[in-house]
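Chemist: Please see the structure below; I have some questions.
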Amino acid sequence: NAGVMQNPRHLVRRRGQEARLRCSPMKGHSHVYWYRQLPEEGLKFMVYLQKENIIDESGMPKERFSAEFPKEGPSILRIQQVVRGDSAAYFCASSREPDALLGYTFGSGTRLTVV
Amino acid sequence: GENVEQHPSTLSVQEGDSAVIKCTYSDSASNYFPWYKQELGKGPQLIIDIRSNVGEKKDQRIAVTLNKTAKHFSLHITETQPEDSAVYFCAASIGGGGNKLTFGTGTQLKVEL
């Protein structure tokens, strides 16, 4: 049973380009969460999605960032017109249940570098 | 919103000694407190968690304590080994809220031979 799969592992973009980060949850998991980790900082919540629905996007920047989790396929975190400050590690996690009293599993992350 | 503070930011211990990492949280409604271990270049891995109806939980060399009145919780690692070297994060969450975790800023633990 594969864990949470994220790709690519490393992504380099020039300023102004678009970045697409993909996350395939664990088998049987229908809840996906995205977190961002800046260098030498803790993880910051960005967005919580279920299939075809955004449940909580309170941590998403108001502009340039969007997320989706379609009925078929992986969840996508999209960053338009990237800037240097977007350089970070982006982690996806998934869970079977929405209850916060159950732990969830993180993927290995995508490390985005904006040059 | 919830705020989680974590101390120390770095911790160096001799192999075989114990290590203690402490966290405080601000929202008294938080009722789930996981700890994650992150090795270089990898994602965070859940190592132990505790719920607000429990004061202490132990799993082999790892234990976590929770003081709800003081709003703080701690990770204890006994008989440390070199493979325990990593960054450790505490987190807090409110049950039923969709699993949004608020993380501390991490502790870099180094176990020296």
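Residue numbering restarts at 1 in every chain; chains get A, B, ... in the order shown in the structure tokens, and ligands count up from 1 in that same order.
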Give as an NGL selection string every residue of chain A that touches chain B within 8 Å, counting only C-alpha atoms.
Modeler: :A and (40-45 or 48 or 55-56 or 91 or 98-101 or 103-109)
Chemist: With only C-alpha atoms as the counted atoms, please give the residues lying no more than 6 Å from range 63-71 of chain A, apart from itself and same-chain residues fewer than 6 positions off, as number ranges by chain.
Modeler: A: 51-52, 77-80
Chemist: Would you write out those residues with C-alpha atoms, as a PDB file, in the first residue's frame?
Modeler:
ATOM      1  CA  LYS A  51     -12.999  15.105  -3.591  1.00  0.00           C
ATOM      2  CA  GLU A  52     -14.258  17.986  -5.775  1.00  0.00           C
ATOM      3  CA  LEU A  77      -1.604  22.907  -5.925  1.00  0.00           C
ATOM      4  CA  ARG A  78      -1.092  25.605  -8.524  1.00  0.00           C
ATOM      5  CA  ILE A  79       1.006  28.720  -8.080  1.00  0.00           C
ATOM      6  CA  GLN A  80       0.788  31.302 -10.817  1.00  0.00           C
TER       7      GLN A  80
END
Chemist: Please provide as a list of chain:residue names all residues within 8 Å of Val12 in chain A, with the sequence filter that same-chain residues fewer than 6 positions apart are discarded (counting only C-alpha atoms).
Modeler: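 Residues meeting the cut-off are A:Leu112, A:Thr113, A:Val114, A:Val115.
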Chemist: Just the selected residues (N, CA and C atoms), exported as a PDB file, in the first residue's frame, please.
Modeler:
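The resulting file, part_28.pdb, is reproduced below:
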ATOM      1  N   LEU A 112      10.198  23.555  -4.030  1.00  0.00           N
ATOM      2  CA  LEU A 112      10.104  24.533  -5.103  1.00  0.00           C
ATOM      3  C   LEU A 112      11.191  25.579  -4.920  1.00  0.00           C
ATOM      4  N   THR A 113      11.940  25.800  -5.975  1.00  0.00           N
ATOM      5  CA  THR A 113      12.952  26.855  -5.983  1.00  0.00           C
ATOM      6  C   THR A 113      12.609  27.824  -7.114  1.00  0.00           C
ATOM      7  N   VAL A 114      12.471  29.082  -6.777  1.00  0.00           N
ATOM      8  CA  VAL A 114      12.180  30.110  -7.770  1.00  0.00           C
ATOM      9  C   VAL A 114      13.457  30.915  -7.996  1.00  0.00           C
ATOM     10  N   VAL A 115      13.900  30.933  -9.250  1.00  0.00           N
ATOM     11  CA  VAL A 115      15.163  31.626  -9.561  1.00  0.00           C
ATOM     12  C   VAL A 115      14.896  32.880 -10.401  1.00  0.00           C
TER      13      VAL A 115
END
Chemist: What is the distance, in Å and to one decimal place, between CA of Gly16 in chain A and CA of Gln50 in chain A?
Modeler: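 Separation of CA of Gly16 in chain A and CA of Gln50 in chain A: 29.3 Å.
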Chemist: Just list as a PyMOL selection string whatever in chain A DSSP marks as strand (DSSP E or B).
Modeler: chain A and resi 5-7+10-13+19-24+31-37+43-50+53-56+65-68+75-79+88-95+105-106+110-114
